[in-house]
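Undergrad: Starting off with a structure, shown below.
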Amino acid sequence: PELSLARAEGRLAGLGATWRRARHFPRVVLPSSLIDALAAALPVPMIAWLFGAAEAGQFALVWRVAALPGSLIVASFGDVFHAHATAARTDGPPRVRGLLLGTMRMLALLSVAVYVPACLLAPWVFPWLFGEPWRPAGQMMLVLAPLWMASLVVSPLSRLPMVLGRPGLKLVFDACFLVLPLGALWFFAPQGLMTAVLAYGIAAAVAYAVFGLLLYDTAGRRAVDAHPDRSGPEKE
């Protein structure tokens, strides 16, 4: 009985330590998820407000078509990367950074293979597939190519800050991804639809690129609370 009591106390102590380390995660993850949802939902109504419902419909079609292959790749690679990153963190920053770079290279090749031909052919395929009125959607698909490619490379890796105990990094990226592309869309709206959409895509691609660099930097740092038996987080 004494041994069982000691084991129970040890488990409770472990649960308490885990809660103390992770109690700040909901305060970061919930706002991050909300901002991420807003960033995905707001471009269509904003284009409708700036240019009209027909133009918003064109953009919505492009978003659906472009997201189809990307969502499948992001979901599959994201789950695998998360599992491997969780295992690699115990081996230290060099192992995590090597995993990150290797996955980035693979995703970059996939993004080129998927989106370069798709975007180059879109101005001709869209009117043939959906009808002549949808030709502008094919042109939007082409000008947004940097966004689709950057998203495919970086999005599957976005769980790394959670794995390394730095969820605030994802929150900062989500806030920038909400403000910068929509700001570019609004600022360049007087120049016409295609120019504004191009500016939106470039701003979003730059946000992804900066986030990728921050992920690389974070992967080279020791994970926060990598060793639960210690009294506090390890210093960088």
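How things are named: the first chain in the structure tokens is A, the next is B, and so on; residues count from 1 in each chain; ligands count from 1 in the order shown.
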Find the spatial neighbours of region 208-220 of chain A, counting only C-alpha atoms, within a cut-off of 7 Å - ignore same-chain residues fewer than 5 positions away - and output them as a list in words.
TA: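 Contacts, with the query itself left out: Pro93, Pro94, Val96, Arg97, Ala150, Ser151, Val154 and Phe173 of chain A.
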Undergrad: Write the residues of the preceding selection, restricted to C-alpha atoms, as a compact mmCIF listing (two decimals), in the first residue's frame.
TA:
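Just written: out-v9.txt:
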# COMPACT_ATOMS: atom_id res chain seq x y z
CA PRO A 93 18.62 21.31 -31.80
CA PRO A 94 20.88 19.88 -34.56
CA VAL A 96 15.45 19.18 -35.12
CA ARG A 97 17.03 21.62 -37.56
CA ALA A 150 5.08 29.25 -49.99
CA SER A 151 2.05 27.91 -48.16
CA VAL A 154 5.75 26.26 -44.62
CA PHE A 173 2.76 34.78 -37.55
Undergrad: Considering only alpha helix (DSSP H) as DSSP defines it on the backbone, what residues of region 2-234 of chain A qualify? List them as a count of residues only.
TA: 190
Undergrad: Mind pulling up the distance from CA of Asp36 (chain A) to CA of Asp174 (chain A)?
TA: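 Computing the Euclidean distance for CA of Asp174 (chain A) and CA of Asp36 (chain A) yields 5.7 Å.
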Undergrad: Excluding same-chain residues fewer than 6 positions from Val80 (chain A), what lies within 12 Å of it counting only C-alpha atoms, as a list in words?
TA: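 My reading of the contact set: Ile73, Val74, Thr86, Ala87, Leu99, Leu100, Thr103, Pro156, Leu157, Arg159 and Leu160 of chain A.
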Undergrad: Save the residues we just selected, C-alpha atoms, as a PDB file, in the first residue's frame?
TA:
ATOM      1  CA  ILE A  73      -0.255  17.463 -48.732  1.00  0.00           C
ATOM      2  CA  VAL A  74      -0.260  19.814 -45.732  1.00  0.00           C
ATOM      3  CA  THR A  86       8.491  15.421 -31.133  1.00  0.00           C
ATOM      4  CA  ALA A  87      10.925  12.517 -31.225  1.00  0.00           C
ATOM      5  CA  LEU A  99      14.627  17.381 -39.851  1.00  0.00           C
ATOM      6  CA  LEU A 100      13.195  20.813 -40.629  1.00  0.00           C
ATOM      7  CA  THR A 103      11.248  18.383 -44.868  1.00  0.00           C
ATOM      8  CA  PRO A 156       3.055  21.615 -42.671  1.00  0.00           C
ATOM      9  CA  LEU A 157       5.867  22.839 -40.398  1.00  0.00           C
ATOM     10  CA  ARG A 159       3.403  22.931 -35.423  1.00  0.00           C
ATOM     11  CA  LEU A 160       7.105  23.152 -34.616  1.00  0.00           C
TER      12      LEU A 160
END
Undergrad: Please report as JSON lines every residue of region 116-234 of chain A lying within 7 Å of region 106-111 of chain A, along with the nearest atom pair and their distance in Å (one decimal), using only C-alpha atoms.
TA:
{"residue": "A:Met149", "atom": "CA", "partner": "A:Ser111", "partner_atom": "CA", "distance": 5.1}
{"residue": "A:Leu152", "atom": "CA", "partner": "A:Ser111", "partner_atom": "CA", "distance": 6.1}
{"residue": "A:Val153", "atom": "CA", "partner": "A:Leu107", "partner_atom": "CA", "distance": 5.0}
Undergrad: Closest to Met194 (chain A) among A:Pro31, A:Ile47, A:Arg95, A:Ser155, using only C-alpha atoms?
TA: A:Ile47
Undergrad: Counting only C-alpha atoms, what is within 12 Å of Gln139 (chain A), bar same-chain residues fewer than 2 positions away, as a ChimeraX atom specification?
TA: /A:58-59,61-62,118-127,133-137,141-145,193-195,197-198
Undergrad: Please dump the current selection as a short mmCIF file (atom, residue, chain, number, x, y, z; two decimals), in the first residue's frame; keep N, CA, C and O atoms.
TA:
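Just written: part.cif:
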data_model
loop_
_atom_site.label_atom_id
_atom_site.label_comp_id
_atom_site.auth_asym_id
_atom_site.auth_seq_id
_atom_site.Cartn_x
_atom_site.Cartn_y
_atom_site.Cartn_z
N GLN A 58 -14.90 34.97 -58.34
CA GLN A 58 -13.70 34.51 -59.06
C GLN A 58 -12.60 34.11 -58.08
O GLN A 58 -11.98 33.05 -58.21
N PHE A 59 -12.38 34.96 -57.08
CA PHE A 59 -11.33 34.69 -56.10
C PHE A 59 -11.67 33.44 -55.28
O PHE A 59 -10.78 32.63 -54.99
N LEU A 61 -13.39 30.84 -56.20
CA LEU A 61 -13.14 29.64 -57.01
C LEU A 61 -11.66 29.31 -57.05
O LEU A 61 -11.26 28.14 -56.90
N VAL A 62 -10.84 30.33 -57.25
CA VAL A 62 -9.39 30.11 -57.27
C VAL A 62 -8.92 29.51 -55.95
O VAL A 62 -8.12 28.57 -55.92
N ALA A 118 0.35 23.86 -62.78
CA ALA A 118 -1.06 24.20 -62.56
C ALA A 118 -1.30 25.69 -62.77
O ALA A 118 -2.28 26.09 -63.42
N CYS A 119 -0.42 26.53 -62.24
CA CYS A 119 -0.61 27.98 -62.36
C CYS A 119 -0.32 28.48 -63.78
O CYS A 119 -0.99 29.40 -64.26
N LEU A 120 0.66 27.89 -64.46
CA LEU A 120 0.96 28.31 -65.82
C LEU A 120 -0.18 27.96 -66.77
O LEU A 120 -0.45 28.71 -67.73
N LEU A 121 -0.84 26.84 -66.53
CA LEU A 121 -1.93 26.41 -67.41
C LEU A 121 -3.28 27.01 -67.03
O LEU A 121 -4.21 26.97 -67.83
N ALA A 122 -3.39 27.56 -65.82
CA ALA A 122 -4.68 28.02 -65.32
C ALA A 122 -5.38 29.04 -66.23
O ALA A 122 -6.60 28.95 -66.44
N PRO A 123 -4.67 30.04 -66.80
CA PRO A 123 -5.38 31.01 -67.65
C PRO A 123 -6.08 30.39 -68.86
O PRO A 123 -7.02 30.98 -69.40
N TRP A 124 -5.63 29.22 -69.30
CA TRP A 124 -6.28 28.54 -70.42
C TRP A 124 -7.24 27.45 -69.96
O TRP A 124 -8.25 27.20 -70.60
N VAL A 125 -6.91 26.81 -68.84
CA VAL A 125 -7.75 25.70 -68.37
C VAL A 125 -9.05 26.21 -67.74
O VAL A 125 -10.11 25.61 -67.96
N PHE A 126 -8.99 27.29 -67.00
CA PHE A 126 -10.19 27.78 -66.31
C PHE A 126 -11.32 28.13 -67.28
O PHE A 126 -12.46 27.69 -67.08
N PRO A 127 -11.08 28.91 -68.34
CA PRO A 127 -12.19 29.18 -69.27
C PRO A 127 -12.67 27.94 -70.00
O PRO A 127 -13.86 27.83 -70.33
N PRO A 133 -16.46 33.23 -68.90
CA PRO A 133 -16.52 34.28 -67.84
C PRO A 133 -15.54 34.05 -66.70
O PRO A 133 -15.28 34.99 -65.93
N TRP A 134 -15.00 32.83 -66.57
CA TRP A 134 -14.10 32.53 -65.47
C TRP A 134 -12.62 32.67 -65.85
O TRP A 134 -11.76 32.26 -65.09
N ARG A 135 -12.35 33.26 -66.99
CA ARG A 135 -10.96 33.47 -67.39
C ARG A 135 -10.17 34.29 -66.37
O ARG A 135 -9.01 33.98 -66.08
N PRO A 136 -10.75 35.37 -65.80
CA PRO A 136 -10.00 36.12 -64.78
C PRO A 136 -9.58 35.27 -63.59
O PRO A 136 -8.54 35.53 -62.97
N ALA A 137 -10.37 34.24 -63.26
CA ALA A 137 -9.98 33.36 -62.15
C ALA A 137 -8.70 32.62 -62.47
O ALA A 137 -7.83 32.44 -61.60
N MET A 141 -5.18 32.72 -60.43
CA MET A 141 -4.45 31.52 -60.03
C MET A 141 -2.96 31.69 -60.34
O MET A 141 -2.09 31.32 -59.54
N LEU A 142 -2.67 32.29 -61.49
CA LEU A 142 -1.28 32.47 -61.90
C LEU A 142 -0.57 33.51 -61.04
O LEU A 142 0.55 33.27 -60.57
N VAL A 143 -1.21 34.66 -60.81
CA VAL A 143 -0.52 35.72 -60.07
C VAL A 143 -0.37 35.35 -58.59
O VAL A 143 0.49 35.91 -57.90
N LEU A 144 -1.16 34.41 -58.11
CA LEU A 144 -1.05 33.98 -56.71
C LEU A 144 -0.13 32.77 -56.53
O LEU A 144 -0.05 32.21 -55.43
N ALA A 145 0.58 32.40 -57.58
CA ALA A 145 1.47 31.23 -57.50
C ALA A 145 2.47 31.30 -56.34
O ALA A 145 2.69 30.30 -55.65
N LEU A 193 -8.08 45.15 -59.86
CA LEU A 193 -8.24 43.86 -59.19
C LEU A 193 -6.98 43.01 -59.25
O LEU A 193 -6.51 42.51 -58.22
N MET A 194 -6.41 42.83 -60.44
CA MET A 194 -5.26 41.93 -60.58
C MET A 194 -4.05 42.45 -59.82
O MET A 194 -3.31 41.67 -59.20
N THR A 195 -3.83 43.76 -59.84
CA THR A 195 -2.71 44.32 -59.08
C THR A 195 -2.91 44.13 -57.59
O THR A 195 -1.96 43.78 -56.86
N VAL A 197 -4.73 41.76 -56.12
CA VAL A 197 -4.58 40.33 -55.81
C VAL A 197 -3.11 39.93 -55.84
O VAL A 197 -2.66 39.14 -55.00
N LEU A 198 -2.36 40.46 -56.80
CA LEU A 198 -0.92 40.19 -56.84
C LEU A 198 -0.23 40.69 -55.57
O LEU A 198 0.60 39.99 -54.99
#
Undergrad: For Trp63 (chain A), which of A:Phe188, A:Trp128, A:Trp148, A:Tyr200 is the closest residue, counting only C-alpha atoms?
TA: A:Trp148
Undergrad: Nearest residue to Phe81 (chain A) out of A:Ala60, A:Val163, A:Val29, A:Leu42, using only C-alpha atoms?
TA: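 Checking each candidate against Phe81 (chain A), we get A:Val163 as the closest.
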Undergrad: Between CA of Pro146 (chain A) and CA of Arg166 (chain A), what is the spacing in Å?
TA: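 One can read the CA of Arg166 (chain A) to CA of Pro146 (chain A) distance as 27.4 Å.
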